[in-house]
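**Student:** One file: target_33.cif (mmCIF, C-alpha atoms).
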```
data_data
loop_
_atom_site.label_atom_id
_atom_site.label_comp_id
_atom_site.auth_asym_id
_atom_site.auth_seq_id
_atom_site.Cartn_x
_atom_site.Cartn_y
_atom_site.Cartn_z
CA MET A 1 -21.25 -177.78 4.79
CA ASN A 2 -23.86 -180.31 3.65
CA THR A 3 -26.43 -181.71 6.05
CA PHE A 4 -26.04 -185.32 7.08
CA ALA A 5 -28.89 -186.33 4.77
CA GLU A 6 -27.09 -184.66 1.88
CA ILE A 7 -23.84 -186.49 2.80
CA VAL A 8 -25.66 -189.83 2.64
CA GLN A 9 -27.25 -188.89 -0.67
CA SER A 10 -24.18 -187.44 -2.40
CA ASN A 11 -21.98 -190.44 -1.54
CA GLN A 12 -24.66 -192.99 -2.46
CA ALA A 13 -24.62 -194.57 0.98
CA TRP A 14 -28.30 -195.40 0.61
CA LEU A 15 -27.47 -197.77 -2.26
CA CYS A 16 -25.64 -200.21 0.05
CA LEU A 17 -26.75 -203.80 -0.66
CA ASP A 18 -25.57 -205.11 2.72
CA CYS A 19 -23.37 -207.63 0.86
CA GLY A 20 -20.36 -207.25 3.16
CA LYS A 21 -17.72 -207.16 0.41
CA CYS A 22 -16.30 -203.93 1.84
CA SER A 23 -15.93 -205.48 5.28
CA SER A 24 -14.01 -208.43 3.83
CA VAL A 25 -11.24 -206.19 2.43
CA CYS A 26 -11.08 -203.40 5.03
CA PRO A 27 -7.62 -203.62 6.69
CA ILE A 28 -8.95 -202.20 9.96
CA THR A 29 -12.03 -204.43 10.13
CA LEU A 30 -9.94 -207.57 9.55
CA HIS A 31 -8.03 -206.95 12.79
CA LEU A 32 -10.91 -205.83 15.00
CA VAL A 33 -11.88 -208.07 17.90
CA ASP A 34 -13.55 -205.84 20.48
CA GLY A 35 -16.02 -203.20 19.38
CA TYR A 36 -16.44 -204.74 15.92
CA THR A 37 -17.39 -202.32 13.17
CA SER A 38 -17.01 -202.21 9.42
CA PRO A 39 -17.77 -200.02 6.40
CA ARG A 40 -21.04 -201.94 5.89
CA LEU A 41 -22.17 -201.45 9.47
CA LEU A 42 -21.24 -197.77 9.46
CA VAL A 43 -23.16 -197.13 6.23
CA GLU A 44 -26.10 -199.16 7.53
CA GLY A 45 -26.08 -197.01 10.67
CA ALA A 46 -25.93 -193.86 8.59
CA VAL A 47 -28.99 -194.82 6.57
CA ASN A 48 -31.06 -196.29 9.38
CA SER A 49 -29.99 -194.42 12.51
CA GLY A 50 -28.56 -191.13 11.31
CA GLU A 51 -25.83 -188.71 12.28
CA ASP A 52 -25.30 -189.59 15.94
CA ARG A 53 -24.71 -193.28 15.14
CA VAL A 54 -21.98 -192.41 12.62
CA LEU A 55 -20.23 -189.82 14.78
CA GLU A 56 -19.94 -192.39 17.57
CA ASP A 57 -18.54 -195.17 15.36
CA PRO A 58 -14.80 -195.78 15.98
CA LEU A 59 -14.29 -196.44 12.25
CA LEU A 60 -15.04 -192.76 11.57
CA TRP A 61 -11.50 -191.90 12.73
CA SER A 62 -9.68 -195.21 12.27
CA CYS A 63 -10.70 -195.56 8.60
CA LEU A 64 -7.62 -195.35 6.38
CA THR A 65 -9.57 -193.81 3.46
CA CYS A 66 -7.56 -196.23 1.32
CA GLN A 67 -10.51 -196.68 -1.08
CA ARG A 68 -10.22 -200.47 -1.15
CA CYS A 69 -13.87 -200.77 -0.10
CA THR A 70 -15.05 -198.17 -2.60
CA GLU A 71 -13.28 -200.04 -5.37
CA ILE A 72 -14.98 -203.34 -4.61
CA CYS A 73 -18.47 -201.96 -3.86
CA PRO A 74 -21.02 -203.20 -6.46
CA SER A 75 -23.33 -200.27 -5.69
CA GLY A 76 -20.79 -197.48 -6.07
CA VAL A 77 -20.94 -196.28 -2.47
CA GLN A 78 -18.21 -193.63 -2.13
CA PHE A 79 -17.11 -194.67 1.34
CA SER A 80 -13.83 -192.72 1.58
CA GLU A 81 -15.61 -189.51 0.55
CA PHE A 82 -18.43 -190.33 2.96
CA ILE A 83 -15.87 -190.61 5.76
CA HIS A 84 -14.33 -187.26 4.78
CA ASP A 85 -17.69 -185.50 4.78
CA ALA A 86 -18.71 -187.07 8.09
CA ARG A 87 -15.37 -186.04 9.62
CA GLN A 88 -15.94 -182.49 8.43
CA LEU A 89 -19.32 -182.51 10.13
CA ALA A 90 -17.75 -183.92 13.30
CA TRP A 91 -14.94 -181.32 13.19
CA GLU A 92 -17.49 -178.52 13.06
CA LYS A 93 -19.09 -180.02 16.16
CA GLY A 94 -15.74 -179.99 17.98
CA GLN A 95 -14.95 -183.68 17.52
CA SER A 96 -11.72 -185.10 16.09
CA GLY A 97 -9.60 -188.21 16.04
CA ASP A 98 -6.52 -188.78 18.16
CA CYS A 99 -3.57 -186.94 16.59
CA THR A 100 -0.37 -188.97 16.32
CA HIS A 101 3.06 -187.63 17.36
CA SER A 102 1.44 -185.27 19.88
CA GLY A 103 -0.14 -183.23 17.11
CA THR A 104 3.24 -181.93 15.91
CA ILE A 105 2.40 -182.31 12.23
CA GLN A 106 -1.05 -180.75 12.59
CA SER A 107 0.63 -177.84 14.38
CA TRP A 108 2.99 -177.03 11.54
CA MET A 109 0.09 -177.21 9.08
CA ARG A 110 -1.78 -174.58 11.06
CA MET A 111 1.38 -172.46 11.41
CA MET A 112 1.78 -172.45 7.63
CA THR A 113 -1.62 -170.83 7.18
CA ASP A 114 -0.09 -167.49 8.27
CA PRO A 115 0.48 -165.46 5.06
CA ALA A 116 3.31 -163.54 6.75
CA LEU A 117 5.21 -166.69 7.73
CA GLU A 118 8.87 -166.66 6.65
CA GLN A 119 10.12 -170.23 6.15
CA ASN A 120 13.61 -171.59 5.69
CA ARG A 121 12.70 -174.28 3.18
CA LEU A 122 15.71 -174.45 0.86
CA ASP A 123 18.65 -175.43 3.07
CA TRP A 124 18.51 -178.99 1.71
CA ILE A 125 19.58 -177.84 -1.77
CA ASP A 126 23.27 -178.73 -2.17
CA ASP A 127 25.73 -176.81 -4.34
CA ASP A 128 25.74 -179.58 -6.94
CA LEU A 129 21.98 -179.28 -7.51
CA ARG A 130 20.78 -176.80 -10.12
CA ILE A 131 17.52 -174.92 -9.59
CA ALA A 132 16.29 -171.82 -11.40
CA PRO A 133 14.36 -168.68 -10.38
CA GLU A 134 12.17 -169.19 -13.46
CA SER A 135 11.38 -172.50 -15.11
CA GLU A 136 8.60 -174.35 -16.88
CA VAL A 137 8.83 -177.02 -14.17
CA ILE A 138 8.24 -176.63 -10.43
CA TYR A 139 9.49 -179.25 -8.01
CA PHE A 140 7.16 -179.43 -4.98
CA PRO A 141 8.92 -181.24 -2.09
CA GLY A 142 5.98 -180.86 0.29
CA CYS A 143 6.76 -181.58 3.93
CA LEU A 144 9.93 -183.61 3.30
CA PRO A 145 12.21 -181.09 5.08
CA TYR A 146 10.04 -181.24 8.19
CA TYR A 147 9.95 -185.04 8.27
CA ASP A 148 13.74 -185.04 8.67
CA THR A 149 13.33 -183.30 12.01
CA VAL A 150 10.43 -185.34 13.36
CA PHE A 151 11.50 -188.77 12.10
CA GLY A 152 15.29 -188.49 12.06
CA ASP A 153 15.61 -191.34 14.55
CA LEU A 154 13.93 -193.70 12.06
CA ASP A 155 16.50 -193.04 9.32
CA VAL A 156 13.68 -191.88 7.06
CA GLU A 157 14.63 -190.49 3.66
CA GLY A 158 13.18 -186.98 3.87
CA THR A 159 15.29 -184.39 2.11
CA GLU A 160 17.28 -187.27 0.58
CA ILE A 161 14.22 -187.84 -1.61
CA ALA A 162 14.05 -184.15 -2.49
CA ARG A 163 17.74 -184.00 -3.40
CA ALA A 164 17.39 -187.17 -5.46
CA ALA A 165 14.44 -185.68 -7.35
CA VAL A 166 16.35 -182.53 -8.31
CA LYS A 167 19.40 -184.62 -9.27
CA ILE A 168 17.26 -186.71 -11.60
CA LEU A 169 15.56 -183.65 -13.09
CA ASN A 170 18.98 -182.08 -13.71
CA HIS A 171 20.08 -185.28 -15.43
CA LEU A 172 17.09 -184.88 -17.76
CA GLY A 173 18.13 -181.31 -18.54
CA ILE A 174 15.54 -179.71 -16.25
CA GLU A 175 16.42 -176.97 -13.77
CA PRO A 176 13.24 -176.72 -11.72
CA MET A 177 11.91 -173.92 -9.60
CA VAL A 178 11.63 -174.66 -5.88
CA LEU A 179 9.39 -172.15 -4.13
CA GLU A 180 10.57 -170.45 -0.94
CA ASN A 181 6.99 -169.77 0.14
CA GLU A 182 5.49 -173.19 -0.60
CA ARG A 183 3.11 -174.51 2.05
CA CYS A 184 1.95 -177.99 3.03
CA CYS A 185 -0.53 -179.10 0.36
CA GLY A 186 -3.19 -179.60 3.05
CA HIS A 187 -3.95 -183.25 2.28
CA ASP A 188 -4.03 -184.33 5.92
CA SER A 189 -6.11 -181.38 7.09
CA TYR A 190 -8.62 -182.14 4.34
CA TRP A 191 -8.97 -185.83 5.27
CA GLN A 192 -9.21 -184.98 8.97
CA GLY A 193 -12.18 -182.76 8.18
CA ASP A 194 -10.33 -179.54 9.08
CA MET A 195 -11.47 -177.64 6.01
CA ASP A 196 -10.57 -174.20 7.34
CA THR A 197 -6.86 -175.12 7.58
CA PHE A 198 -7.00 -176.92 4.24
CA ARG A 199 -8.50 -173.97 2.37
CA LYS A 200 -6.03 -171.49 3.85
CA LEU A 201 -3.08 -173.66 2.81
CA ALA A 202 -4.55 -174.29 -0.63
CA GLU A 203 -5.23 -170.61 -1.30
CA LEU A 204 -1.66 -169.65 -0.38
CA ASN A 205 -0.23 -172.37 -2.63
CA LEU A 206 -2.63 -171.48 -5.43
CA GLU A 207 -1.54 -167.84 -5.32
CA ALA A 208 2.18 -168.65 -5.23
CA ILE A 209 2.13 -171.31 -7.94
CA SER A 210 -0.17 -169.50 -10.36
CA GLN A 211 2.21 -166.51 -10.40
CA THR A 212 5.18 -168.57 -11.65
CA GLY A 213 3.99 -169.14 -15.20
CA ALA A 214 5.23 -172.75 -14.99
CA LYS A 215 3.65 -175.44 -17.14
CA ARG A 216 4.32 -178.48 -14.98
CA LEU A 217 4.54 -179.26 -11.28
CA VAL A 218 6.37 -182.41 -10.19
CA THR A 219 6.18 -183.88 -6.71
CA THR A 220 7.59 -186.99 -5.04
CA CYS A 221 4.60 -187.29 -2.69
CA PRO A 222 1.50 -189.15 -3.96
CA GLU A 223 -0.70 -187.27 -1.51
CA CYS A 224 0.60 -183.91 -2.75
CA ALA A 225 0.08 -185.08 -6.35
CA TYR A 226 -3.52 -186.13 -5.77
CA THR A 227 -4.38 -183.09 -3.66
CA LEU A 228 -2.89 -180.53 -6.05
CA LYS A 229 -4.29 -182.25 -9.14
CA SER A 230 -7.76 -183.29 -7.99
CA THR A 231 -8.75 -181.82 -4.63
CA TYR A 232 -7.67 -178.23 -5.33
CA PRO A 233 -9.82 -177.88 -8.47
CA GLU A 234 -12.81 -179.31 -6.60
CA GLN A 235 -12.41 -177.15 -3.49
CA VAL A 236 -10.49 -173.93 -4.24
CA GLY A 237 -9.45 -173.73 -7.90
CA SER A 238 -7.12 -175.18 -10.51
CA LEU A 239 -3.40 -174.44 -10.43
CA GLY A 240 -3.45 -173.89 -14.18
CA LEU A 241 -0.67 -176.37 -14.91
CA GLU A 242 -0.06 -180.10 -15.23
CA VAL A 243 0.55 -181.92 -11.94
CA LEU A 244 2.66 -185.08 -12.06
CA HIS A 245 4.00 -187.55 -9.57
CA ILE A 246 7.67 -188.03 -10.40
CA THR A 247 7.09 -191.64 -11.50
CA GLU A 248 4.74 -190.38 -14.23
CA LEU A 249 7.37 -187.96 -15.52
CA LEU A 250 10.23 -190.44 -15.43
CA ALA A 251 8.23 -193.20 -17.11
CA GLU A 252 7.59 -191.06 -20.20
CA ASP A 253 9.30 -192.70 -23.19
CA ASP A 254 11.89 -189.97 -23.82
CA ASN A 255 12.87 -189.82 -20.16
CA LEU A 256 13.11 -193.60 -19.87
CA GLN A 257 15.63 -193.57 -22.72
CA LYS A 258 17.66 -190.81 -21.08
CA LEU A 259 17.69 -192.51 -17.70
CA PHE A 260 18.28 -196.05 -18.93
CA PRO A 261 20.03 -195.85 -22.32
CA THR A 262 21.28 -199.45 -22.20
CA ASN A 263 20.15 -202.69 -20.65
CA SER A 264 20.84 -202.63 -16.93
CA PRO A 265 22.54 -205.58 -15.21
CA GLU A 266 20.38 -208.16 -13.49
CA LEU A 267 20.18 -207.16 -9.84
CA TYR A 268 18.66 -208.71 -6.73
CA PRO A 269 14.87 -209.17 -6.28
CA VAL A 270 12.79 -206.33 -4.85
CA THR A 271 9.10 -205.84 -4.16
CA TYR A 272 6.97 -202.70 -4.43
CA GLN A 273 4.39 -201.03 -2.18
CA ASP A 274 1.58 -199.26 -4.07
CA PRO A 275 0.64 -196.06 -2.19
CA CYS A 276 -3.14 -195.64 -1.95
CA ARG A 277 -3.24 -192.13 -3.41
CA LEU A 278 -0.90 -193.05 -6.28
CA GLY A 279 -2.64 -196.33 -7.06
CA ARG A 280 -6.35 -196.50 -6.30
CA PHE A 281 -6.87 -192.72 -6.31
CA MET A 282 -4.79 -191.85 -9.41
CA GLY A 283 -4.54 -195.17 -11.25
CA ILE A 284 -0.72 -195.09 -11.40
CA TYR A 285 0.41 -198.70 -11.12
CA GLN A 286 2.59 -199.53 -14.10
CA GLN A 287 4.94 -196.54 -14.23
CA PRO A 288 6.79 -197.31 -10.97
CA ARG A 289 7.12 -200.94 -12.04
CA ASP A 290 8.55 -199.92 -15.41
CA LEU A 291 11.16 -197.81 -13.63
CA ILE A 292 12.13 -200.59 -11.23
CA GLN A 293 12.52 -203.11 -14.04
CA ASN A 294 14.48 -200.66 -16.20
CA LEU A 295 16.91 -200.29 -13.29
CA GLY A 296 17.61 -204.01 -13.70
CA TYR A 297 15.89 -205.28 -10.56
CA GLN A 298 13.82 -208.43 -10.53
CA LEU A 299 10.38 -207.29 -9.39
CA VAL A 300 8.55 -209.88 -7.29
CA GLU A 301 4.99 -208.99 -6.36
CA MET A 302 3.34 -209.47 -3.00
CA ASP A 303 0.08 -211.40 -2.79
CA HIS A 304 -1.76 -208.07 -2.56
CA TYR A 305 -0.46 -205.68 -5.20
CA ALA A 306 -1.64 -202.97 -7.59
CA HIS A 307 -5.38 -202.36 -7.03
CA THR A 308 -5.52 -204.99 -4.24
CA SER A 309 -2.52 -203.54 -2.41
CA THR A 310 -2.80 -203.09 1.36
CA CYS A 311 -2.50 -199.59 2.82
CA CYS A 312 0.55 -198.83 4.97
CA GLY A 313 -1.77 -198.68 7.96
CA THR A 314 -2.17 -195.06 9.08
CA SER A 315 -3.87 -192.08 7.44
CA CYS A 316 -3.57 -188.30 7.88
CA TRP A 317 -1.60 -188.59 11.14
CA THR A 318 -4.73 -189.64 13.02
CA THR A 319 -5.31 -192.72 15.17
CA CYS A 320 -2.28 -195.00 15.15
CA GLY A 321 -2.48 -197.84 17.65
CA GLN A 322 -2.31 -201.60 18.01
CA LEU A 323 -4.60 -202.27 15.04
CA ASN A 324 -2.49 -200.10 12.76
CA LYS A 325 0.70 -201.87 13.84
CA LYS A 326 -0.93 -205.20 13.01
CA VAL A 327 -1.74 -203.94 9.52
CA GLN A 328 1.83 -202.73 9.05
CA SER A 329 3.45 -205.87 10.48
CA GLU A 330 1.32 -208.14 8.33
CA ARG A 331 2.25 -206.16 5.23
CA LEU A 332 5.95 -206.26 6.02
CA MET A 333 5.76 -210.03 6.56
CA GLU A 334 4.05 -210.29 3.19
CA ALA A 335 6.92 -208.31 1.65
CA ARG A 336 9.50 -210.59 3.27
CA SER A 337 7.68 -213.73 2.09
CA THR A 338 8.38 -212.77 -1.54
CA GLY A 339 12.10 -213.37 -1.02
CA ALA A 340 12.82 -209.76 -1.97
CA GLU A 341 15.85 -208.09 -0.46
CA LYS A 342 14.28 -204.63 -0.51
CA LEU A 343 10.84 -203.03 -0.28
CA ILE A 344 10.52 -200.09 -2.68
CA THR A 345 8.05 -197.30 -1.98
CA SER A 346 6.96 -194.17 -3.85
CA CYS A 347 5.58 -192.43 -0.76
CA VAL A 348 7.55 -191.13 2.20
CA LYS A 349 4.65 -191.84 4.54
CA CYS A 350 4.71 -195.54 3.66
CA GLN A 351 8.40 -195.50 4.54
CA ILE A 352 7.79 -193.66 7.82
CA HIS A 353 5.03 -196.01 8.96
CA TYR A 354 6.88 -199.19 8.04
CA LYS A 355 10.17 -198.11 9.61
CA CYS A 356 8.29 -197.14 12.74
CA ALA A 357 6.64 -200.58 12.85
CA GLN A 358 10.06 -202.21 12.52
CA ARG A 359 11.06 -200.63 15.85
CA ASP A 360 8.42 -202.64 17.68
CA PRO A 361 10.24 -204.59 20.45
CA ILE A 362 7.95 -207.64 20.07
CA SER A 363 7.45 -208.16 16.34
CA GLY A 364 10.24 -205.98 14.98
CA SER A 365 12.71 -208.83 14.45
CA GLU A 366 10.21 -210.69 12.25
CA ILE A 367 9.48 -207.83 9.88
CA GLN A 368 12.92 -206.52 8.99
CA ILE A 369 13.44 -205.69 5.32
CA ASP A 370 15.39 -202.84 3.75
CA ILE A 371 13.05 -200.00 2.69
CA GLN A 372 13.93 -197.34 0.13
CA ASP A 373 12.13 -194.72 -1.93
CA LEU A 374 12.11 -195.28 -5.69
CA THR A 375 13.40 -191.74 -6.31
CA THR A 376 16.60 -192.24 -4.30
CA LEU A 377 17.03 -195.69 -5.84
CA ILE A 378 17.03 -194.17 -9.33
CA ALA A 379 19.30 -191.29 -8.33
CA GLU A 380 21.92 -193.74 -7.05
CA LYS A 381 22.17 -195.25 -10.55
CA ILE A 382 22.81 -191.94 -12.33
#
```
Using structure tokens, write down the structure from this file.

**Tutor:**
Amino acid sequence: MNTFAEIVQSNQAWLCLDCGKCSSVCPITLHLVDGYTSPRLLVEGAVNSGEDRVLEDPLLWSCLTCQRCTEICPSGVQFSEFIHDARQLAWEKGQSGDCTHSGTIQSWMRMMTDPALEQNRLDWIDDDLRIAPESEVIYFPGCLPYYDTVFGDLDVEGTEIARAAVKILNHLGIEPMVLENERCCGHDSYWQGDMDTFRKLAELNLEAISQTGAKRLVTTCPECAYTLKSTYPEQVGSLGLEVLHITELLAEDDNLQKLFPTNSPELYPVTYQDPCRLGRFMGIYQQPRDLIQNLGYQLVEMDHYAHTSTCCGTSCWTTCGQLNKKVQSERLMEARSTGAEKLITSCVKCQIHYKCAQRDPISGSEIQIDIQDLTTLIAEKI
């Protein structure tokens, strides 16, 4: 682990110009009243006051690591990475943020680090779905089967997304492998600063995937896609294959023609939520929009879209409170104001957080809009 001085140096925190642009776009800062903090103030504290000042700042754990501030910073301060490194330092000192859902999700991540663990991961595969013991393509569902159990009361599309993905792949002539011994990708452990759990999960996945001989890995989770494609090579090693979010695969010219051979009928207006990892982290903005429009829907954009899109309000299952609900409610009201009849997502976590916000007894009636994953939307049209 780097020293705090090295964290400041490696993430260019010392280059902060004190301009405040980051504070003006931070979703958390915009809703703070008591105990005001911001990316600018946290970085200023890091440079001027050191480690203790940063580890005491509430933004250390409430930061969404959405990278909106990093994107707008004229000095190139890598704020999201700074937060990760500072959290790792805090974790090693026994500090952590407040786990949401009583730590259930963190618990199953740690359970999956056991190499001898025998999972029952494939019950969601129906008889009409075709998978293969050997294939050039792996489908990586991630934690979708577990979300069904935890968030079933929210009507979240968990394994529905996984089934839709395999159905679409079959339609394209692909019979993917689905690994029985797949583990959580470790994204949330990594961004919480729990590097021990992350590395154990990553090493198990690396071993299992590298033995398959597959050439491509497709996932429906943006966080899995980013972690497997970018974080693994940086931290534990490359998988030795191409990693794709399903929207990248489906938006390839040949696949677009197979999925949408003729002009689709004009359907009702919808709007689209850009997931942070898919958009700002991976630069994938146009492919989901191409798919929506090829389905025949009228795509109406929110005021904040593509690189200016607002995060769904909670990150790595840590710290979800009143501020986060304000971020979510405001975003859902923005979606409704477009006149769209449906909010399309490409990330199950966006769907979970928004559907949870819609259960709020005070503001819930004002933020109702149908929410659906793009993968299941496409599968319905096949």

**Student:** Spell out the residues picked by the PyMOL selection byres ((chain A and resi 314) around 12) here, as a PDB file with C-alpha atoms, keeping the file's coordinate frame.

**Tutor:**
```pdb
ATOM      1  CA  PRO A  27      -7.620-203.620   6.690  1.00  0.00           C
ATOM      2  CA  ILE A  28      -8.950-202.200   9.960  1.00  0.00           C
ATOM      3  CA  TRP A  61     -11.500-191.900  12.730  1.00  0.00           C
ATOM      4  CA  SER A  62      -9.680-195.210  12.270  1.00  0.00           C
ATOM      5  CA  CYS A  63     -10.700-195.560   8.600  1.00  0.00           C
ATOM      6  CA  LEU A  64      -7.620-195.350   6.380  1.00  0.00           C
ATOM      7  CA  THR A  65      -9.570-193.810   3.460  1.00  0.00           C
ATOM      8  CA  CYS A  66      -7.560-196.230   1.320  1.00  0.00           C
ATOM      9  CA  ASP A  98      -6.520-188.780  18.160  1.00  0.00           C
ATOM     10  CA  CYS A  99      -3.570-186.940  16.590  1.00  0.00           C
ATOM     11  CA  THR A 100      -0.370-188.970  16.320  1.00  0.00           C
ATOM     12  CA  ASP A 188      -4.030-184.330   5.920  1.00  0.00           C
ATOM     13  CA  PRO A 275       0.640-196.060  -2.190  1.00  0.00           C
ATOM     14  CA  CYS A 276      -3.140-195.640  -1.950  1.00  0.00           C
ATOM     15  CA  THR A 310      -2.800-203.090   1.360  1.00  0.00           C
ATOM     16  CA  CYS A 311      -2.500-199.590   2.820  1.00  0.00           C
ATOM     17  CA  CYS A 312       0.550-198.830   4.970  1.00  0.00           C
ATOM     18  CA  GLY A 313      -1.770-198.680   7.960  1.00  0.00           C
ATOM     19  CA  SER A 315      -3.870-192.080   7.440  1.00  0.00           C
ATOM     20  CA  CYS A 316      -3.570-188.300   7.880  1.00  0.00           C
ATOM     21  CA  TRP A 317      -1.600-188.590  11.140  1.00  0.00           C
ATOM     22  CA  THR A 318      -4.730-189.640  13.020  1.00  0.00           C
ATOM     23  CA  THR A 319      -5.310-192.720  15.170  1.00  0.00           C
ATOM     24  CA  CYS A 320      -2.280-195.000  15.150  1.00  0.00           C
ATOM     25  CA  GLY A 321      -2.480-197.840  17.650  1.00  0.00           C
ATOM     26  CA  GLN A 322      -2.310-201.600  18.010  1.00  0.00           C
ATOM     27  CA  LEU A 323      -4.600-202.270  15.040  1.00  0.00           C
ATOM     28  CA  ASN A 324      -2.490-200.100  12.760  1.00  0.00           C
ATOM     29  CA  LYS A 325       0.700-201.870  13.840  1.00  0.00           C
ATOM     30  CA  LYS A 326      -0.930-205.200  13.010  1.00  0.00           C
ATOM     31  CA  VAL A 327      -1.740-203.940   9.520  1.00  0.00           C
ATOM     32  CA  GLN A 328       1.830-202.730   9.050  1.00  0.00           C
ATOM     33  CA  LYS A 349       4.650-191.840   4.540  1.00  0.00           C
ATOM     34  CA  CYS A 350       4.710-195.540   3.660  1.00  0.00           C
ATOM     35  CA  GLN A 351       8.400-195.500   4.540  1.00  0.00           C
ATOM     36  CA  ILE A 352       7.790-193.660   7.820  1.00  0.00           C
ATOM     37  CA  HIS A 353       5.030-196.010   8.960  1.00  0.00           C
ATOM     38  CA  TYR A 354       6.880-199.190   8.040  1.00  0.00           C
ATOM     39  CA  CYS A 356       8.290-197.140  12.740  1.00  0.00           C
ATOM     40  CA  ALA A 357       6.640-200.580  12.850  1.00  0.00           C
TER      41      ALA A 357
END
```

**Student:** Here is a test: counting all atoms listed in the file, which residue of A:Arg163, A:Leu206, A:Trp14, A:Gln298 is nearest to Pro265 of chain A?

**Tutor:**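 Of all the options, A:Gln298 lies closest to Pro265 of chain A.
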
**Student:** For the structure provided, state which residues fall under the PyMOL selection byres ((chain A and resi 286-293) around 10), and present them as a ChimeraX atom specification.

**Tutor:** /A:246-252,256,259-260,264,266-267,270-274,278-279,283-285,294-299,306,344-346,374-375,377-378

**Student:** Once you have the residues from the selection above, write them out as a PDB file, in the coordinates of the input, restricted to C-alpha atoms.

**Tutor:**
```
ATOM      1  CA  ILE A 246       7.670-188.030 -10.400  1.00  0.00           C
ATOM      2  CA  THR A 247       7.090-191.640 -11.500  1.00  0.00           C
ATOM      3  CA  GLU A 248       4.740-190.380 -14.230  1.00  0.00           C
ATOM      4  CA  LEU A 249       7.370-187.960 -15.520  1.00  0.00           C
ATOM      5  CA  LEU A 250      10.230-190.440 -15.430  1.00  0.00           C
ATOM      6  CA  ALA A 251       8.230-193.200 -17.110  1.00  0.00           C
ATOM      7  CA  GLU A 252       7.590-191.060 -20.200  1.00  0.00           C
ATOM      8  CA  LEU A 256      13.110-193.600 -19.870  1.00  0.00           C
ATOM      9  CA  LEU A 259      17.690-192.510 -17.700  1.00  0.00           C
ATOM     10  CA  PHE A 260      18.280-196.050 -18.930  1.00  0.00           C
ATOM     11  CA  SER A 264      20.840-202.630 -16.930  1.00  0.00           C
ATOM     12  CA  GLU A 266      20.380-208.160 -13.490  1.00  0.00           C
ATOM     13  CA  LEU A 267      20.180-207.160  -9.840  1.00  0.00           C
ATOM     14  CA  VAL A 270      12.790-206.330  -4.850  1.00  0.00           C
ATOM     15  CA  THR A 271       9.100-205.840  -4.160  1.00  0.00           C
ATOM     16  CA  TYR A 272       6.970-202.700  -4.430  1.00  0.00           C
ATOM     17  CA  GLN A 273       4.390-201.030  -2.180  1.00  0.00           C
ATOM     18  CA  ASP A 274       1.580-199.260  -4.070  1.00  0.00           C
ATOM     19  CA  LEU A 278      -0.900-193.050  -6.280  1.00  0.00           C
ATOM     20  CA  GLY A 279      -2.640-196.330  -7.060  1.00  0.00           C
ATOM     21  CA  GLY A 283      -4.540-195.170 -11.250  1.00  0.00           C
ATOM     22  CA  ILE A 284      -0.720-195.090 -11.400  1.00  0.00           C
ATOM     23  CA  TYR A 285       0.410-198.700 -11.120  1.00  0.00           C
ATOM     24  CA  ASN A 294      14.480-200.660 -16.200  1.00  0.00           C
ATOM     25  CA  LEU A 295      16.910-200.290 -13.290  1.00  0.00           C
ATOM     26  CA  GLY A 296      17.610-204.010 -13.700  1.00  0.00           C
ATOM     27  CA  TYR A 297      15.890-205.280 -10.560  1.00  0.00           C
ATOM     28  CA  GLN A 298      13.820-208.430 -10.530  1.00  0.00           C
ATOM     29  CA  LEU A 299      10.380-207.290  -9.390  1.00  0.00           C
ATOM     30  CA  ALA A 306      -1.640-202.970  -7.590  1.00  0.00           C
ATOM     31  CA  ILE A 344      10.520-200.090  -2.680  1.00  0.00           C
ATOM     32  CA  THR A 345       8.050-197.300  -1.980  1.00  0.00           C
ATOM     33  CA  SER A 346       6.960-194.170  -3.850  1.00  0.00           C
ATOM     34  CA  LEU A 374      12.110-195.280  -5.690  1.00  0.00           C
ATOM     35  CA  THR A 375      13.400-191.740  -6.310  1.00  0.00           C
ATOM     36  CA  LEU A 377      17.030-195.690  -5.840  1.00  0.00           C
ATOM     37  CA  ILE A 378      17.030-194.170  -9.330  1.00  0.00           C
TER      38      ILE A 378
END
```

**Student:** Here is a test: counting all atoms listed in the file, which residue of A:Leu30, A:Ile369, A:Ile382, A:Leu89 is nearest to Glu334 of chain A?

**Tutor:**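 Counting all atoms listed in the file, the residue closest to Glu334 of chain A is A:Ile369.
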
**Student:** What is the atom CA of Met177 of chain A to atom CA of Leu204 of chain A distance in Å?

**Tutor:** 17.0 Å

**Student:** On this file, the PyMOL selection byres ((chain A and resi 337) around 12) gives some set of residues; write that set as a short mmCIF file (atom, residue, chain, number, x, y, z; two decimals) with C-alpha atoms, in the frame of the given file.

**Tutor:**
```cif
data_model
loop_
_atom_site.label_atom_id
_atom_site.label_comp_id
_atom_site.auth_asym_id
_atom_site.auth_seq_id
_atom_site.Cartn_x
_atom_site.Cartn_y
_atom_site.Cartn_z
CA PRO A 269 14.87 -209.17 -6.28
CA VAL A 270 12.79 -206.33 -4.85
CA THR A 271 9.10 -205.84 -4.16
CA VAL A 300 8.55 -209.88 -7.29
CA GLU A 301 4.99 -208.99 -6.36
CA MET A 302 3.34 -209.47 -3.00
CA ASP A 303 0.08 -211.40 -2.79
CA HIS A 304 -1.76 -208.07 -2.56
CA GLU A 330 1.32 -208.14 8.33
CA ARG A 331 2.25 -206.16 5.23
CA LEU A 332 5.95 -206.26 6.02
CA MET A 333 5.76 -210.03 6.56
CA GLU A 334 4.05 -210.29 3.19
CA ALA A 335 6.92 -208.31 1.65
CA ARG A 336 9.50 -210.59 3.27
CA THR A 338 8.38 -212.77 -1.54
CA GLY A 339 12.10 -213.37 -1.02
CA ALA A 340 12.82 -209.76 -1.97
CA GLU A 341 15.85 -208.09 -0.46
CA LYS A 342 14.28 -204.63 -0.51
CA LEU A 343 10.84 -203.03 -0.28
CA GLU A 366 10.21 -210.69 12.25
CA ILE A 367 9.48 -207.83 9.88
CA GLN A 368 12.92 -206.52 8.99
CA ILE A 369 13.44 -205.69 5.32
#
```
